[in-house]
Amino acid sequence: MIRYALVCAKGHSFESWFPNSAAYDKQAKRGLVACPSCGDTRVEKAIMAPKLSGTRKRGAARAPVAPVEAPAQHGSTAPVAMMSPQENDLRQKLKELREHLTKNSDYVGQKFPEEARKMHYGETDPRSIYGEASLKDAKELHEEGIEFHPLPTLPDERN
Ligand SMILES: [Zn+2]
C-alpha cells in the first residue's frame with residue numbers, strides 16, 4: 001500500500017491509499033479518485049516534499065547571499081591592488097617622473113601661485129618650479145591660463 005497526498009482542482013488537499021503507484025495512476029485517470037470535500041475527480045499528487053522542508057531550504061538558499069550583503073566590510077577596507085609587472089613598471093616610472101620633477105625644479109612652497117604668475121607674465125625667466133597651491137589658487141591660476149600639473153602621487157603615499 002502506498003499513501004498519497006492529493007490535491008483536487010479546487011485546491012482541497014487530502015490523503016488516499018493505493019495498492020501501488022500504478023493503481024493510483026489508473027484510478028486517477030479514470031476519475032475514480034474523488035476529492036472528499038467536493039467530489040472533484042480532477043486530482044493530482046500534492047507535492048509535499050518542498051512544503052515540508054521549505055523553511056529549511058529557503059534558509060539554506062539565502063545563506064550564500066549573506067557575503068554579498070555585507071558591503072560594509074568591503075567599504076571599510078582600503079583599496080588595494082595586486083599589481084602586474086607592467087603596472088609596477090608604470091608605478092616606477094611615475095616615481096621617476098616625480099623625482100625628476102622635484103630634482104630639476106625649484107621648490108617654491110606657498111609662493112607657487114605667485115611664482116607661476118611671474119613666469120606667466122614674463123616677469124621672470126621660465127623655469128620649472130613646484131610648490132603648494134590651494135584649490136582656490138589652482139582655480140585662479142587655471143582661469144588666468146597658467147598651465148601647471150599636480151605632482152603625480154603614488155598610491156601608497158596618499159593619506
Ligand atoms: Zn476538492
# chains A, B, ... in the order shown; residues from 1 in each chain; ligands from 1
$ residues_around --residues "region 110-118 of chain A" --least-positions-apart "2" --cutoff "9 Å" --atoms "only C-alpha atoms" --output "PDB file with N, CA, C and O atoms, in the first residue's frame"
ATOM      1  N   TYR A 107      61.787  74.316  -5.602  1.00  0.00           N
ATOM      2  CA  TYR A 107      60.657  74.248  -4.698  1.00  0.00           C
ATOM      3  C   TYR A 107      60.353  75.653  -4.198  1.00  0.00           C
ATOM      4  O   TYR A 107      61.195  76.318  -3.625  1.00  0.00           O
ATOM      5  N   VAL A 108      59.168  76.123  -4.484  1.00  0.00           N
ATOM      6  CA  VAL A 108      58.817  77.487  -4.095  1.00  0.00           C
ATOM      7  C   VAL A 108      57.768  77.517  -2.988  1.00  0.00           C
ATOM      8  O   VAL A 108      57.349  78.585  -2.541  1.00  0.00           O
ATOM      9  N   HIS A 120      54.456  83.477 -15.925  1.00  0.00           N
ATOM     10  CA  HIS A 120      53.424  83.568 -16.949  1.00  0.00           C
ATOM     11  C   HIS A 120      53.396  84.960 -17.583  1.00  0.00           C
ATOM     12  O   HIS A 120      53.187  85.108 -18.785  1.00  0.00           O
ATOM     13  N   TYR A 121      53.595  85.956 -16.751  1.00  0.00           N
ATOM     14  CA  TYR A 121      53.519  87.323 -17.259  1.00  0.00           C
ATOM     15  C   TYR A 121      54.886  87.869 -17.651  1.00  0.00           C
ATOM     16  O   TYR A 121      55.057  89.052 -17.864  1.00  0.00           O
ATOM     17  N   GLY A 122      55.875  86.961 -17.720  1.00  0.00           N
ATOM     18  CA  GLY A 122      57.195  87.343 -18.209  1.00  0.00           C
ATOM     19  C   GLY A 122      58.033  88.145 -17.236  1.00  0.00           C
ATOM     20  O   GLY A 122      58.980  88.809 -17.635  1.00  0.00           O
ATOM     21  N   GLU A 123      57.685  88.140 -15.990  1.00  0.00           N
ATOM     22  CA  GLU A 123      58.469  88.900 -15.016  1.00  0.00           C
ATOM     23  C   GLU A 123      59.731  88.151 -14.633  1.00  0.00           C
ATOM     24  O   GLU A 123      60.714  88.731 -14.198  1.00  0.00           O
ATOM     25  N   THR A 124      59.700  86.836 -14.756  1.00  0.00           N
ATOM     26  CA  THR A 124      60.904  86.034 -14.520  1.00  0.00           C
ATOM     27  C   THR A 124      61.066  85.048 -15.673  1.00  0.00           C
ATOM     28  O   THR A 124      60.122  84.775 -16.411  1.00  0.00           O
ATOM     29  N   ASP A 125      62.265  84.540 -15.812  1.00  0.00           N
ATOM     30  CA  ASP A 125      62.512  83.565 -16.874  1.00  0.00           C
ATOM     31  C   ASP A 125      61.774  82.263 -16.566  1.00  0.00           C
ATOM     32  O   ASP A 125      61.715  81.848 -15.403  1.00  0.00           O
ATOM     33  N   PRO A 126      61.283  81.645 -17.604  1.00  0.00           N
ATOM     34  CA  PRO A 126      60.578  80.380 -17.368  1.00  0.00           C
ATOM     35  C   PRO A 126      61.514  79.314 -16.802  1.00  0.00           C
ATOM     36  O   PRO A 126      62.637  79.158 -17.267  1.00  0.00           O
ATOM     37  N   ILE A 129      59.198  74.926 -11.633  1.00  0.00           N
ATOM     38  CA  ILE A 129      59.031  75.122 -10.197  1.00  0.00           C
ATOM     39  C   ILE A 129      57.970  74.156  -9.694  1.00  0.00           C
ATOM     40  O   ILE A 129      57.164  73.645 -10.456  1.00  0.00           O
ATOM     41  N   TYR A 130      58.036  73.912  -8.448  1.00  0.00           N
ATOM     42  CA  TYR A 130      56.934  73.172  -7.839  1.00  0.00           C
ATOM     43  C   TYR A 130      56.719  73.679  -6.437  1.00  0.00           C
ATOM     44  O   TYR A 130      57.613  74.248  -5.822  1.00  0.00           O
ATOM     45  N   GLY A 131      55.533  73.536  -6.001  1.00  0.00           N
ATOM     46  CA  GLY A 131      55.223  74.046  -4.676  1.00  0.00           C
ATOM     47  C   GLY A 131      53.797  73.723  -4.315  1.00  0.00           C
ATOM     48  O   GLY A 131      53.213  72.778  -4.827  1.00  0.00           O
ATOM     49  N   GLU A 132      53.264  74.509  -3.445  1.00  0.00           N
ATOM     50  CA  GLU A 132      51.915  74.250  -2.970  1.00  0.00           C
ATOM     51  C   GLU A 132      50.936  75.296  -3.498  1.00  0.00           C
ATOM     52  O   GLU A 132      51.255  76.470  -3.574  1.00  0.00           O
ATOM     53  N   ALA A 133      49.796  74.815  -3.841  1.00  0.00           N
ATOM     54  CA  ALA A 133      48.726  75.713  -4.258  1.00  0.00           C
ATOM     55  C   ALA A 133      47.422  75.193  -3.676  1.00  0.00           C
ATOM     56  O   ALA A 133      47.149  74.005  -3.709  1.00  0.00           O
ATOM     57  N   SER A 134      46.680  76.122  -3.128  1.00  0.00           N
ATOM     58  CA  SER A 134      45.378  75.708  -2.609  1.00  0.00           C
ATOM     59  C   SER A 134      44.444  75.483  -3.784  1.00  0.00           C
ATOM     60  O   SER A 134      44.750  75.876  -4.907  1.00  0.00           O
ATOM     61  N   ASP A 137      43.738  78.801  -5.281  1.00  0.00           N
ATOM     62  CA  ASP A 137      44.856  79.268  -6.104  1.00  0.00           C
ATOM     63  C   ASP A 137      44.883  78.551  -7.442  1.00  0.00           C
ATOM     64  O   ASP A 137      45.031  79.171  -8.497  1.00  0.00           O
ATOM     65  N   ALA A 138      44.739  77.235  -7.349  1.00  0.00           N
ATOM     66  CA  ALA A 138      44.797  76.418  -8.551  1.00  0.00           C
ATOM     67  C   ALA A 138      43.731  76.842  -9.546  1.00  0.00           C
ATOM     68  O   ALA A 138      43.981  76.948 -10.746  1.00  0.00           O
ATOM     69  N   GLU A 140      42.265  79.794  -9.729  1.00  0.00           N
ATOM     70  CA  GLU A 140      42.573  81.121 -10.254  1.00  0.00           C
ATOM     71  C   GLU A 140      43.667  81.061 -11.320  1.00  0.00           C
ATOM     72  O   GLU A 140      43.565  81.705 -12.361  1.00  0.00           O
ATOM     73  N   LEU A 141      44.695  80.267 -11.031  1.00  0.00           N
ATOM     74  CA  LEU A 141      45.785  80.120 -11.999  1.00  0.00           C
ATOM     75  C   LEU A 141      45.239  79.549 -13.306  1.00  0.00           C
ATOM     76  O   LEU A 141      45.597  79.996 -14.396  1.00  0.00           O
ATOM     77  N   GLU A 144      43.509  82.052 -15.269  1.00  0.00           N
ATOM     78  CA  GLU A 144      44.420  83.005 -15.911  1.00  0.00           C
ATOM     79  C   GLU A 144      45.171  82.363 -17.062  1.00  0.00           C
ATOM     80  O   GLU A 144      45.991  82.994 -17.716  1.00  0.00           O
ATOM     81  N   ILE A 146      47.260  79.822 -16.806  1.00  0.00           N
ATOM     82  CA  ILE A 146      48.581  79.338 -16.430  1.00  0.00           C
ATOM     83  C   ILE A 146      48.536  77.815 -16.331  1.00  0.00           C
ATOM     84  O   ILE A 146      47.721  77.261 -15.602  1.00  0.00           O
ATOM     85  N   GLU A 147      49.409  77.207 -17.100  1.00  0.00           N
ATOM     86  CA  GLU A 147      49.407  75.744 -17.117  1.00  0.00           C
ATOM     87  C   GLU A 147      50.286  75.177 -16.025  1.00  0.00           C
ATOM     88  O   GLU A 147      51.425  75.599 -15.844  1.00  0.00           O
ATOM     89  N   PHE A 148      49.742  74.268 -15.304  1.00  0.00           N
ATOM     90  CA  PHE A 148      50.539  73.548 -14.301  1.00  0.00           C
ATOM     91  C   PHE A 148      49.890  72.198 -14.090  1.00  0.00           C
ATOM     92  O   PHE A 148      48.768  71.953 -14.518  1.00  0.00           O
TER      93      PHE A 148
END
$ residues_around --residues "region 6-23 of chain A" --least-positions-apart "6" --cutoff "9 Å" --atoms "only C-alpha atoms" --output "ChimeraX atom specification"
/A:33-47
$ write_last_selection --atoms "N, CA, C and O atoms" --output "PDB file, in the first residue's frame"
ATOM      1  N   VAL A  33     -10.705   8.654  -8.433  1.00  0.00           N
ATOM      2  CA  VAL A  33     -10.220   9.287  -7.209  1.00  0.00           C
ATOM      3  C   VAL A  33     -10.941  10.626  -7.073  1.00  0.00           C
ATOM      4  O   VAL A  33     -10.791  11.509  -7.909  1.00  0.00           O
ATOM      5  N   ALA A  34     -11.752  10.732  -6.062  1.00  0.00           N
ATOM      6  CA  ALA A  34     -12.532  11.953  -5.899  1.00  0.00           C
ATOM      7  C   ALA A  34     -12.157  12.662  -4.605  1.00  0.00           C
ATOM      8  O   ALA A  34     -11.822  12.035  -3.603  1.00  0.00           O
ATOM      9  N   CYS A  35     -12.257  13.970  -4.688  1.00  0.00           N
ATOM     10  CA  CYS A  35     -11.958  14.782  -3.508  1.00  0.00           C
ATOM     11  C   CYS A  35     -13.055  14.558  -2.458  1.00  0.00           C
ATOM     12  O   CYS A  35     -14.242  14.657  -2.770  1.00  0.00           O
ATOM     13  N   PRO A  36     -12.681  14.244  -1.215  1.00  0.00           N
ATOM     14  CA  PRO A  36     -13.703  14.003  -0.192  1.00  0.00           C
ATOM     15  C   PRO A  36     -14.466  15.288   0.167  1.00  0.00           C
ATOM     16  O   PRO A  36     -15.573  15.232   0.688  1.00  0.00           O
ATOM     17  N   SER A  37     -13.934  16.411  -0.140  1.00  0.00           N
ATOM     18  CA  SER A  37     -14.594  17.670   0.207  1.00  0.00           C
ATOM     19  C   SER A  37     -15.613  18.093  -0.838  1.00  0.00           C
ATOM     20  O   SER A  37     -16.708  18.535  -0.514  1.00  0.00           O
ATOM     21  N   CYS A  38     -15.247  17.973  -2.136  1.00  0.00           N
ATOM     22  CA  CYS A  38     -16.135  18.491  -3.164  1.00  0.00           C
ATOM     23  C   CYS A  38     -16.473  17.475  -4.241  1.00  0.00           C
ATOM     24  O   CYS A  38     -17.268  17.750  -5.131  1.00  0.00           O
ATOM     25  N   GLY A  39     -15.845  16.302  -4.165  1.00  0.00           N
ATOM     26  CA  GLY A  39     -16.153  15.264  -5.135  1.00  0.00           C
ATOM     27  C   GLY A  39     -15.489  15.450  -6.483  1.00  0.00           C
ATOM     28  O   GLY A  39     -15.706  14.689  -7.420  1.00  0.00           O
ATOM     29  N   ASP A  40     -14.671  16.439  -6.597  1.00  0.00           N
ATOM     30  CA  ASP A  40     -13.967  16.684  -7.854  1.00  0.00           C
ATOM     31  C   ASP A  40     -13.017  15.514  -8.118  1.00  0.00           C
ATOM     32  O   ASP A  40     -12.298  15.079  -7.234  1.00  0.00           O
ATOM     33  N   THR A  41     -13.048  15.034  -9.330  1.00  0.00           N
ATOM     34  CA  THR A  41     -12.171  13.908  -9.671  1.00  0.00           C
ATOM     35  C   THR A  41     -10.887  14.361 -10.379  1.00  0.00           C
ATOM     36  O   THR A  41     -10.062  13.543 -10.758  1.00  0.00           O
ATOM     37  N   ARG A  42     -10.811  15.653 -10.568  1.00  0.00           N
ATOM     38  CA  ARG A  42      -9.555  16.165 -11.148  1.00  0.00           C
ATOM     39  C   ARG A  42      -8.578  16.359  -9.999  1.00  0.00           C
ATOM     40  O   ARG A  42      -8.507  17.418  -9.372  1.00  0.00           O
ATOM     41  N   VAL A  43      -7.870  15.295  -9.689  1.00  0.00           N
ATOM     42  CA  VAL A  43      -6.940  15.352  -8.560  1.00  0.00           C
ATOM     43  C   VAL A  43      -5.520  15.074  -9.048  1.00  0.00           C
ATOM     44  O   VAL A  43      -5.321  14.433 -10.077  1.00  0.00           O
ATOM     45  N   GLU A  44      -4.619  15.569  -8.313  1.00  0.00           N
ATOM     46  CA  GLU A  44      -3.233  15.205  -8.603  1.00  0.00           C
ATOM     47  C   GLU A  44      -2.441  15.119  -7.307  1.00  0.00           C
ATOM     48  O   GLU A  44      -2.889  15.606  -6.261  1.00  0.00           O
ATOM     49  N   LYS A  45      -1.307  14.490  -7.436  1.00  0.00           N
ATOM     50  CA  LYS A  45      -0.473  14.303  -6.254  1.00  0.00           C
ATOM     51  C   LYS A  45       0.024  15.669  -5.764  1.00  0.00           C
ATOM     52  O   LYS A  45       0.498  16.491  -6.560  1.00  0.00           O
ATOM     53  N   ALA A  46      -0.166  15.857  -4.497  1.00  0.00           N
ATOM     54  CA  ALA A  46       0.342  17.100  -3.931  1.00  0.00           C
ATOM     55  C   ALA A  46       1.848  16.958  -3.790  1.00  0.00           C
ATOM     56  O   ALA A  46       2.337  15.879  -3.469  1.00  0.00           O
ATOM     57  N   ILE A  47       2.521  18.025  -4.084  1.00  0.00           N
ATOM     58  CA  ILE A  47       3.980  17.956  -3.965  1.00  0.00           C
ATOM     59  C   ILE A  47       4.323  18.342  -2.526  1.00  0.00           C
ATOM     60  O   ILE A  47       4.256  19.511  -2.146  1.00  0.00           O
TER      61      ILE A  47
END
$ atom_distance --atom1 "CA of Met83 (chain A)" --atom2 "CA of Asn104 (chain A)"
29.0 Å
$ atom_distance --atom1 "CA of Ser105 (chain A)" --atom2 "CA of Ser128 (chain A)"
4.5 Å
$ atom_distance --atom1 "CA of His100 (chain A)" --atom2 "CA of Met82 (chain A)"
26.2 Å
$ decode --residues "region 99-115 of chain A" --atoms "all heavy atoms" --output "PDB file, in the first residue's frame"
ATOM      1  N   GLU A  99      60.437  62.234  -9.167  1.00  0.00           N
ATOM      2  CA  GLU A  99      61.786  62.550  -8.701  1.00  0.00           C
ATOM      3  C   GLU A  99      62.473  63.509  -9.650  1.00  0.00           C
ATOM      4  O   GLU A  99      63.168  64.435  -9.230  1.00  0.00           O
ATOM      5  CB  GLU A  99      62.602  61.254  -8.551  1.00  0.00           C
ATOM      6  CG  GLU A  99      62.369  60.602  -7.200  1.00  0.00           C
ATOM      7  CD  GLU A  99      62.860  59.167  -7.158  1.00  0.00           C
ATOM      8  OE1 GLU A  99      63.512  58.718  -8.124  1.00  0.00           O
ATOM      9  OE2 GLU A  99      62.563  58.494  -6.150  1.00  0.00           O
ATOM     10  N   HIS A 100      62.255  63.282 -10.956  1.00  0.00           N
ATOM     11  CA  HIS A 100      62.833  64.149 -11.973  1.00  0.00           C
ATOM     12  C   HIS A 100      62.289  65.570 -11.809  1.00  0.00           C
ATOM     13  O   HIS A 100      63.043  66.541 -11.828  1.00  0.00           O
ATOM     14  CB  HIS A 100      62.501  63.606 -13.364  1.00  0.00           C
ATOM     15  CG  HIS A 100      63.039  64.451 -14.469  1.00  0.00           C
ATOM     16  ND1 HIS A 100      64.324  64.305 -14.943  1.00  0.00           N
ATOM     17  CD2 HIS A 100      62.483  65.469 -15.167  1.00  0.00           C
ATOM     18  CE1 HIS A 100      64.526  65.204 -15.894  1.00  0.00           C
ATOM     19  NE2 HIS A 100      63.421  65.926 -16.055  1.00  0.00           N
ATOM     20  N   LEU A 101      60.993  65.656 -11.644  1.00  0.00           N
ATOM     21  CA  LEU A 101      60.347  66.958 -11.486  1.00  0.00           C
ATOM     22  C   LEU A 101      60.883  67.700 -10.274  1.00  0.00           C
ATOM     23  O   LEU A 101      61.209  68.880 -10.348  1.00  0.00           O
ATOM     24  CB  LEU A 101      58.835  66.770 -11.330  1.00  0.00           C
ATOM     25  CG  LEU A 101      58.017  66.634 -12.609  1.00  0.00           C
ATOM     26  CD1 LEU A 101      56.602  66.220 -12.284  1.00  0.00           C
ATOM     27  CD2 LEU A 101      58.012  67.964 -13.367  1.00  0.00           C
ATOM     28  N   THR A 102      60.939  66.985  -9.176  1.00  0.00           N
ATOM     29  CA  THR A 102      61.350  67.658  -7.944  1.00  0.00           C
ATOM     30  C   THR A 102      62.841  67.977  -7.933  1.00  0.00           C
ATOM     31  O   THR A 102      63.269  68.947  -7.338  1.00  0.00           O
ATOM     32  CB  THR A 102      60.972  66.807  -6.718  1.00  0.00           C
ATOM     33  OG1 THR A 102      61.452  65.478  -6.886  1.00  0.00           O
ATOM     34  CG2 THR A 102      59.467  66.768  -6.516  1.00  0.00           C
ATOM     35  N   LYS A 103      63.633  67.162  -8.638  1.00  0.00           N
ATOM     36  CA  LYS A 103      65.074  67.374  -8.673  1.00  0.00           C
ATOM     37  C   LYS A 103      65.438  68.530  -9.589  1.00  0.00           C
ATOM     38  O   LYS A 103      66.388  69.260  -9.360  1.00  0.00           O
ATOM     39  CB  LYS A 103      65.771  66.088  -9.153  1.00  0.00           C
ATOM     40  CG  LYS A 103      67.160  65.907  -8.572  1.00  0.00           C
ATOM     41  CD  LYS A 103      67.767  64.594  -9.049  1.00  0.00           C
ATOM     42  CE  LYS A 103      67.254  63.391  -8.240  1.00  0.00           C
ATOM     43  NZ  LYS A 103      67.720  62.120  -8.856  1.00  0.00           N
ATOM     44  N   ASN A 104      64.671  68.654 -10.667  1.00  0.00           N
ATOM     45  CA  ASN A 104      65.016  69.645 -11.676  1.00  0.00           C
ATOM     46  C   ASN A 104      64.199  70.925 -11.616  1.00  0.00           C
ATOM     47  O   ASN A 104      64.201  71.718 -12.533  1.00  0.00           O
ATOM     48  CB  ASN A 104      64.909  69.024 -13.063  1.00  0.00           C
ATOM     49  CG  ASN A 104      65.937  67.918 -13.234  1.00  0.00           C
ATOM     50  OD1 ASN A 104      67.112  68.175 -13.443  1.00  0.00           O
ATOM     51  ND2 ASN A 104      65.468  66.700 -13.102  1.00  0.00           N
ATOM     52  N   SER A 105      63.461  71.048 -10.588  1.00  0.00           N
ATOM     53  CA  SER A 105      62.728  72.304 -10.466  1.00  0.00           C
ATOM     54  C   SER A 105      62.908  72.872  -9.064  1.00  0.00           C
ATOM     55  O   SER A 105      63.308  72.163  -8.150  1.00  0.00           O
ATOM     56  CB  SER A 105      61.249  72.089 -10.798  1.00  0.00           C
ATOM     57  OG  SER A 105      60.722  71.054 -10.017  1.00  0.00           O
ATOM     58  N   ASP A 106      62.630  74.137  -8.965  1.00  0.00           N
ATOM     59  CA  ASP A 106      62.807  74.801  -7.675  1.00  0.00           C
ATOM     60  C   ASP A 106      61.552  74.646  -6.841  1.00  0.00           C
ATOM     61  O   ASP A 106      60.443  74.860  -7.316  1.00  0.00           O
ATOM     62  CB  ASP A 106      63.072  76.302  -7.880  1.00  0.00           C
ATOM     63  CG  ASP A 106      64.389  76.533  -8.607  1.00  0.00           C
ATOM     64  OD1 ASP A 106      65.280  75.669  -8.488  1.00  0.00           O
ATOM     65  OD2 ASP A 106      64.494  77.559  -9.299  1.00  0.00           O
ATOM     66  N   TYR A 107      61.787  74.316  -5.602  1.00  0.00           N
ATOM     67  CA  TYR A 107      60.657  74.248  -4.698  1.00  0.00           C
ATOM     68  C   TYR A 107      60.353  75.653  -4.198  1.00  0.00           C
ATOM     69  O   TYR A 107      61.195  76.318  -3.625  1.00  0.00           O
ATOM     70  CB  TYR A 107      60.959  73.315  -3.525  1.00  0.00           C
ATOM     71  CG  TYR A 107      59.802  73.219  -2.564  1.00  0.00           C
ATOM     72  CD1 TYR A 107      58.659  72.506  -2.910  1.00  0.00           C
ATOM     73  CD2 TYR A 107      59.838  73.859  -1.323  1.00  0.00           C
ATOM     74  CE1 TYR A 107      57.595  72.430  -2.051  1.00  0.00           C
ATOM     75  CE2 TYR A 107      58.773  73.781  -0.450  1.00  0.00           C
ATOM     76  CZ  TYR A 107      57.648  73.071  -0.817  1.00  0.00           C
ATOM     77  OH  TYR A 107      56.590  72.993   0.024  1.00  0.00           O
ATOM     78  N   VAL A 108      59.168  76.123  -4.484  1.00  0.00           N
ATOM     79  CA  VAL A 108      58.817  77.487  -4.095  1.00  0.00           C
ATOM     80  C   VAL A 108      57.768  77.517  -2.988  1.00  0.00           C
ATOM     81  O   VAL A 108      57.349  78.585  -2.541  1.00  0.00           O
ATOM     82  CB  VAL A 108      58.327  78.321  -5.311  1.00  0.00           C
ATOM     83  CG1 VAL A 108      59.470  78.530  -6.292  1.00  0.00           C
ATOM     84  CG2 VAL A 108      57.143  77.658  -5.997  1.00  0.00           C
ATOM     85  N   GLY A 109      57.352  76.339  -2.573  1.00  0.00           N
ATOM     86  CA  GLY A 109      56.405  76.242  -1.467  1.00  0.00           C
ATOM     87  C   GLY A 109      55.118  76.990  -1.712  1.00  0.00           C
ATOM     88  O   GLY A 109      54.540  76.925  -2.790  1.00  0.00           O
ATOM     89  N   GLN A 110      54.735  77.768  -0.703  1.00  0.00           N
ATOM     90  CA  GLN A 110      53.479  78.523  -0.775  1.00  0.00           C
ATOM     91  C   GLN A 110      53.511  79.624  -1.825  1.00  0.00           C
ATOM     92  O   GLN A 110      52.471  80.181  -2.170  1.00  0.00           O
ATOM     93  CB  GLN A 110      53.163  79.148   0.594  1.00  0.00           C
ATOM     94  CG  GLN A 110      53.142  78.170   1.756  1.00  0.00           C
ATOM     95  CD  GLN A 110      51.878  77.331   1.779  1.00  0.00           C
ATOM     96  OE1 GLN A 110      50.867  77.682   1.171  1.00  0.00           O
ATOM     97  NE2 GLN A 110      51.922  76.192   2.463  1.00  0.00           N
ATOM     98  N   LYS A 111      54.717  79.927  -2.295  1.00  0.00           N
ATOM     99  CA  LYS A 111      54.830  81.007  -3.286  1.00  0.00           C
ATOM    100  C   LYS A 111      54.509  80.534  -4.697  1.00  0.00           C
ATOM    101  O   LYS A 111      54.650  81.303  -5.649  1.00  0.00           O
ATOM    102  CB  LYS A 111      56.256  81.584  -3.258  1.00  0.00           C
ATOM    103  CG  LYS A 111      56.509  82.507  -2.089  1.00  0.00           C
ATOM    104  CD  LYS A 111      57.887  83.110  -2.246  1.00  0.00           C
ATOM    105  CE  LYS A 111      58.188  84.096  -1.122  1.00  0.00           C
ATOM    106  NZ  LYS A 111      59.637  84.438  -1.136  1.00  0.00           N
ATOM    107  N   PHE A 112      54.122  79.288  -4.823  1.00  0.00           N
ATOM    108  CA  PHE A 112      53.881  78.730  -6.153  1.00  0.00           C
ATOM    109  C   PHE A 112      52.974  79.597  -7.020  1.00  0.00           C
ATOM    110  O   PHE A 112      53.349  79.934  -8.154  1.00  0.00           O
ATOM    111  CB  PHE A 112      53.333  77.298  -6.058  1.00  0.00           C
ATOM    112  CG  PHE A 112      53.087  76.676  -7.402  1.00  0.00           C
ATOM    113  CD1 PHE A 112      54.120  76.054  -8.101  1.00  0.00           C
ATOM    114  CD2 PHE A 112      51.836  76.735  -8.002  1.00  0.00           C
ATOM    115  CE1 PHE A 112      53.898  75.499  -9.353  1.00  0.00           C
ATOM    116  CE2 PHE A 112      51.607  76.177  -9.260  1.00  0.00           C
ATOM    117  CZ  PHE A 112      52.643  75.562  -9.936  1.00  0.00           C
ATOM    118  N   PRO A 113      51.807  80.018  -6.512  1.00  0.00           N
ATOM    119  CA  PRO A 113      50.929  80.829  -7.371  1.00  0.00           C
ATOM    120  C   PRO A 113      51.610  82.125  -7.819  1.00  0.00           C
ATOM    121  O   PRO A 113      51.521  82.523  -8.980  1.00  0.00           O
ATOM    122  CB  PRO A 113      49.721  81.116  -6.468  1.00  0.00           C
ATOM    123  CG  PRO A 113      49.749  80.038  -5.437  1.00  0.00           C
ATOM    124  CD  PRO A 113      51.203  79.754  -5.211  1.00  0.00           C
ATOM    125  N   GLU A 114      52.298  82.728  -6.890  1.00  0.00           N
ATOM    126  CA  GLU A 114      52.987  83.990  -7.169  1.00  0.00           C
ATOM    127  C   GLU A 114      54.078  83.794  -8.219  1.00  0.00           C
ATOM    128  O   GLU A 114      54.161  84.537  -9.205  1.00  0.00           O
ATOM    129  CB  GLU A 114      53.597  84.464  -5.837  1.00  0.00           C
ATOM    130  CG  GLU A 114      54.111  85.867  -5.824  1.00  0.00           C
ATOM    131  CD  GLU A 114      54.852  86.156  -4.506  1.00  0.00           C
ATOM    132  OE1 GLU A 114      54.370  85.722  -3.436  1.00  0.00           O
ATOM    133  OE2 GLU A 114      55.931  86.784  -4.567  1.00  0.00           O
ATOM    134  N   GLU A 115      54.902  82.760  -7.995  1.00  0.00           N
ATOM    135  CA  GLU A 115      55.997  82.474  -8.926  1.00  0.00           C
ATOM    136  C   GLU A 115      55.466  82.082 -10.304  1.00  0.00           C
ATOM    137  O   GLU A 115      56.025  82.477 -11.326  1.00  0.00           O
ATOM    138  CB  GLU A 115      56.884  81.349  -8.361  1.00  0.00           C
ATOM    139  CG  GLU A 115      57.678  81.757  -7.113  1.00  0.00           C
ATOM    140  CD  GLU A 115      58.676  82.880  -7.408  1.00  0.00           C
ATOM    141  OE1 GLU A 115      59.387  82.799  -8.441  1.00  0.00           O
ATOM    142  OE2 GLU A 115      58.738  83.844  -6.595  1.00  0.00           O
TER     143      GLU A 115
END
